[in-house]
Amino acid sequence: MTTEDRRADGVAAIIPAKDEQDRIAATVEATTAIPGVDLVIVVDDGSTDRTAATATEAGAVVVGHARNRGKAAAMETGATALAAIESREADRPAPRALLFLDADLESTAGNARPLVDPVLADEADMTIGVLPAQRTAGGGRGLVVDLARTGIERATGWTATQPLSGQRCLTRAAFEAALPLAEGFGVETGLTIDLLRAGFRVVEVDVEFHHRVTGADLKAQLHRGKQYAHVMRALVTRGIRPSAPARFRRV
């Protein structure tokens with residue numbers, strides 16, 4: 001891959017969102033203020049509230065799905081919308097880098113610059129945000145994280161600190177090399193494996209983000225079950241069958 005292939009000119013933030021009307025405005029406004037970001041695209045993934053209208057009012061370009069299609073589909077839709085916008089920019093020397101952020105980061109989205117800099121400096125093809133301990137503890141036991149981490153390690157030899165982090169910046173070439181993305185909540189695991197296997201440079205970066213933490217009620221546990229299934233599918237389709245986490249193995 002040549003330097004020309006990797007080069008990015010500016011940054012577009014893509015924010016998948018579903019039913020985030022209470023948080024999306026703050027997230028968009030903070031993202032818009034990130035140095036280097038000149039375009040914010042919100043992908044309304046089948047929301048039933050005012051997410052789309054609120055994001056538009058906050059200054060984002062909004063595209064959407066009539067029904068919920070999941071995070072991977074939203075990421076692809078956002079990238080497609082960006083490509084269409086750039087096709088009308090005759091004087092653009094190279095595609096923008098893609099900065100993917102969660103919709104619930106609110107004002108902390110403005111801290112994303114450390115994710116952007118290595119990509120624009122051609123020091124990484126994809127950066128992954130490593131978040132600090134969140135203010136409110138979640139109700140999970142780390143099973144999905146363990147599954148993703150061990151799966152990525154078996155597939156590539158690389159150990160991720162936060163394998164499920166959705167806060168990422170990558171070049172257009174890297175994104176397109178990973179298409180089609182792994183389904184749903186397996187997208188981060190699949191993206192990491194596919195890019196490392198293809199020889200792209202992946203770097204983790206500490207970033208001061210804070211977001212809503214999944215709780216411990218039945219809805220949250222069902223959500224984690226869905227995550228686990230999606231991550232497992234992403235691994236199996238890439239030829240990886242990780243064993244159970246060490247804590248559950250018989251000794």
# chains A, B, ... in the order shown; residues from 1 in each chain; ligands from 1
>>> residues_around(residues="Glu123 of chain A", least_positions_apart="2", cutoff="10 Å", atoms="only C-alpha atoms", output="list in words")
Arg6, Asp117, Pro118, Val119, Leu120, Ala121, Asp125, Met126, Thr127, Arg201, Val202 and Val203 of chain A
>>> write_last_selection(atoms="all heavy atoms", output="tab-separated table (two decimals), in the first residue's frame")
chain	number	residue	atom	x	y	z
A	6	ARG	N	-2.91	5.73	1.54
A	6	ARG	CA	-3.26	5.90	2.93
A	6	ARG	C	-3.67	7.32	3.26
A	6	ARG	O	-4.31	7.57	4.28
A	6	ARG	CB	-2.09	5.50	3.84
A	6	ARG	CG	-1.78	4.02	3.87
A	6	ARG	CD	-0.87	3.69	5.02
A	6	ARG	NE	0.40	4.37	4.93
A	6	ARG	CZ	1.55	3.78	4.63
A	6	ARG	NH1	1.57	2.49	4.34
A	6	ARG	NH2	2.67	4.45	4.59
A	117	ASP	N	-5.31	12.37	15.19
A	117	ASP	CA	-3.96	12.80	14.85
A	117	ASP	C	-3.09	11.71	14.22
A	117	ASP	O	-2.43	11.96	13.20
A	117	ASP	CB	-3.27	13.39	16.08
A	117	ASP	CG	-3.80	14.77	16.44
A	117	ASP	OD1	-4.46	15.39	15.59
A	117	ASP	OD2	-3.58	15.22	17.58
A	118	PRO	N	-3.03	10.48	14.78
A	118	PRO	CA	-2.16	9.47	14.17
A	118	PRO	C	-2.58	9.10	12.75
A	118	PRO	O	-1.73	8.76	11.91
A	118	PRO	CB	-2.30	8.26	15.12
A	118	PRO	CG	-2.74	8.85	16.42
A	118	PRO	CD	-3.63	9.99	16.04
A	119	VAL	N	-3.87	9.15	12.46
A	119	VAL	CA	-4.35	8.82	11.12
A	119	VAL	C	-3.97	9.92	10.14
A	119	VAL	O	-3.47	9.66	9.03
A	119	VAL	CB	-5.87	8.58	11.13
A	119	VAL	CG1	-6.39	8.35	9.71
A	119	VAL	CG2	-6.20	7.37	12.00
A	120	LEU	N	-4.18	11.17	10.51
A	120	LEU	CA	-3.83	12.28	9.63
A	120	LEU	C	-2.32	12.39	9.42
A	120	LEU	O	-1.85	12.85	8.37
A	120	LEU	CB	-4.38	13.59	10.18
A	120	LEU	CG	-5.90	13.75	10.19
A	120	LEU	CD1	-6.29	15.14	10.67
A	120	LEU	CD2	-6.50	13.48	8.81
A	121	ALA	N	-1.56	11.97	10.43
A	121	ALA	CA	-0.09	12.01	10.33
A	121	ALA	C	0.47	10.78	9.63
A	121	ALA	O	1.70	10.64	9.52
A	121	ALA	CB	0.52	12.15	11.72
A	125	ASP	N	-3.36	3.36	10.40
A	125	ASP	CA	-4.47	3.25	9.46
A	125	ASP	C	-5.80	3.20	10.20
A	125	ASP	O	-6.83	3.57	9.65
A	125	ASP	CB	-4.32	2.00	8.60
A	125	ASP	CG	-3.02	2.02	7.80
A	125	ASP	OD1	-2.82	2.99	7.05
A	125	ASP	OD2	-2.21	1.09	7.96
A	126	MET	N	-5.77	2.74	11.44
A	126	MET	CA	-6.95	2.78	12.30
A	126	MET	C	-6.51	2.97	13.74
A	126	MET	O	-5.61	2.28	14.22
A	126	MET	CB	-7.80	1.51	12.19
A	126	MET	CG	-9.04	1.54	13.10
A	126	MET	SD	-10.21	0.18	12.83
A	126	MET	CE	-9.32	-1.19	13.58
A	127	THR	N	-7.16	3.89	14.43
A	127	THR	CA	-6.96	4.06	15.86
A	127	THR	C	-8.22	3.58	16.59
A	127	THR	O	-9.33	3.69	16.08
A	127	THR	CB	-6.69	5.52	16.24
A	127	THR	OG1	-7.75	6.35	15.72
A	127	THR	CG2	-5.36	5.98	15.67
A	201	ARG	N	-2.12	-0.86	9.85
A	201	ARG	CA	-1.56	-0.49	11.15
A	201	ARG	C	-2.69	-0.07	12.10
A	201	ARG	O	-3.39	0.90	11.81
A	201	ARG	CB	-0.56	0.65	11.00
A	201	ARG	CG	0.61	0.32	10.06
A	201	ARG	CD	1.30	1.59	9.57
A	201	ARG	NE	0.36	2.43	8.84
A	201	ARG	CZ	0.64	3.68	8.45
A	201	ARG	NH1	1.79	4.23	8.75
A	201	ARG	NH2	-0.26	4.38	7.78
A	202	VAL	N	-2.82	-0.80	13.21
A	202	VAL	CA	-3.88	-0.54	14.18
A	202	VAL	C	-3.24	-0.13	15.50
A	202	VAL	O	-2.36	-0.82	16.01
A	202	VAL	CB	-4.77	-1.78	14.37
A	202	VAL	CG1	-5.84	-1.52	15.45
A	202	VAL	CG2	-5.43	-2.19	13.05
A	203	VAL	N	-3.68	0.99	16.05
A	203	VAL	CA	-3.08	1.55	17.26
A	203	VAL	C	-4.18	1.90	18.25
A	203	VAL	O	-5.19	2.51	17.87
A	203	VAL	CB	-2.25	2.81	16.93
A	203	VAL	CG1	-1.69	3.44	18.20
A	203	VAL	CG2	-1.13	2.48	15.96
>>> select_by_dssp(residues="segment 31-245 of chain A", states="strand (DSSP E or B)", output="number ranges by chain")
A: 37-45, 61-65, 97-100, 126-130, 168-170, 202-206
>>> closest_residue(among="A:Thr48, A:Thr77, A:Thr237, A:Thr192", to="Ile14 of chain A", atoms="only C-alpha atoms")
A:Thr77
>>> residues_around(residues="segment 160-162 of chain A", least_positions_apart="4", cutoff="9 Å", atoms="only C-alpha atoms", output="PyMOL selection string")
chain A and resi 128-131+145+148-150+152-153+204
>>> atom_distance(atom1="atom CA of Ala94 of chain A", atom2="atom CA of Cys169 of chain A")
15.8 Å
>>> closest_residue(among="A:Leu143, A:Ala30, A:Ala81, A:Ile240", to="Gly225 of chain A", atoms="only C-alpha atoms")
A:Leu143
>>> atom_distance(atom1="atom CA of His210 of chain A", atom2="atom CA of Ala26 of chain A")
12.7 Å
>>> residues_around(residues="Gly166 of chain A", least_positions_apart="3", cutoff="9 Å", atoms="only C-alpha atoms", output="list in words")
Phe100, Leu101, Asp102, Ile128, Gly129, Pro163, Val187 and Glu188 of chain A
>>> write_last_selection(atoms="C-alpha atoms", output="compact mmCIF listing (two decimals), in the first residue's frame")
# COMPACT_ATOMS: atom_id res chain seq x y z
CA PHE A 100 -16.79 6.79 14.21
CA LEU A 101 -18.25 7.91 17.53
CA ASP A 102 -21.12 6.68 19.68
CA ILE A 128 -9.11 2.56 18.62
CA GLY A 129 -10.16 4.61 21.61
CA PRO A 163 -11.73 -4.81 21.74
CA VAL A 187 -18.46 -5.08 13.75
CA GLU A 188 -15.56 -3.94 15.94
>>> residues_around(residues="Ala52 of chain A", least_positions_apart="6", cutoff="10 Å", atoms="only C-alpha atoms", output="ChimeraX atom specification")
/A:17-21,24-25,42-46,58,60-64
>>> write_last_selection(atoms="N, CA and C atoms", output="short mmCIF file (atom, residue, chain, number, x, y, z; two decimals), in the first residue's frame")
data_model
loop_
_atom_site.label_atom_id
_atom_site.label_comp_id
_atom_site.auth_asym_id
_atom_site.auth_seq_id
_atom_site.Cartn_x
_atom_site.Cartn_y
_atom_site.Cartn_z
N ALA A 17 -26.93 6.32 15.41
CA ALA A 17 -27.76 6.71 16.54
C ALA A 17 -29.14 6.06 16.44
N LYS A 18 -29.62 5.59 17.57
CA LYS A 18 -31.00 5.09 17.66
C LYS A 18 -31.60 5.57 18.97
N ASP A 19 -32.68 6.33 18.85
CA ASP A 19 -33.40 6.84 20.02
C ASP A 19 -32.47 7.57 21.00
N GLU A 20 -31.75 8.53 20.48
CA GLU A 20 -30.78 9.30 21.28
C GLU A 20 -31.12 10.79 21.30
N GLN A 21 -32.41 11.13 21.26
CA GLN A 21 -32.78 12.54 21.17
C GLN A 21 -32.28 13.36 22.36
N ILE A 24 -28.00 13.40 21.54
CA ILE A 24 -27.37 13.57 20.24
C ILE A 24 -26.93 15.01 19.98
N ALA A 25 -27.69 16.00 20.43
CA ALA A 25 -27.32 17.39 20.17
C ALA A 25 -25.97 17.71 20.80
N VAL A 42 -24.85 12.03 10.99
CA VAL A 42 -25.57 11.18 11.92
C VAL A 42 -26.42 10.21 11.12
N VAL A 43 -26.28 8.93 11.43
CA VAL A 43 -27.09 7.90 10.78
C VAL A 43 -28.19 7.49 11.76
N ASP A 44 -29.40 7.93 11.47
CA ASP A 44 -30.55 7.61 12.32
C ASP A 44 -31.01 6.20 11.98
N ASP A 45 -30.70 5.26 12.88
CA ASP A 45 -30.94 3.84 12.60
C ASP A 45 -32.31 3.40 13.10
N GLY A 46 -33.35 3.93 12.47
CA GLY A 46 -34.70 3.51 12.80
C GLY A 46 -35.23 4.04 14.11
N ALA A 58 -28.81 20.48 15.41
CA ALA A 58 -27.48 20.68 15.99
C ALA A 58 -26.41 20.89 14.92
N ALA A 60 -25.79 18.62 12.11
CA ALA A 60 -25.30 17.42 11.43
C ALA A 60 -26.03 17.20 10.11
N VAL A 61 -25.35 16.53 9.19
CA VAL A 61 -26.02 15.96 8.01
C VAL A 61 -26.63 14.65 8.47
N VAL A 62 -27.91 14.46 8.26
CA VAL A 62 -28.60 13.28 8.76
C VAL A 62 -29.07 12.41 7.61
N VAL A 63 -28.72 11.13 7.67
CA VAL A 63 -29.25 10.11 6.78
C VAL A 63 -29.83 9.03 7.67
N GLY A 64 -30.64 8.15 7.11
CA GLY A 64 -31.26 7.21 8.02
C GLY A 64 -31.82 5.97 7.39
#
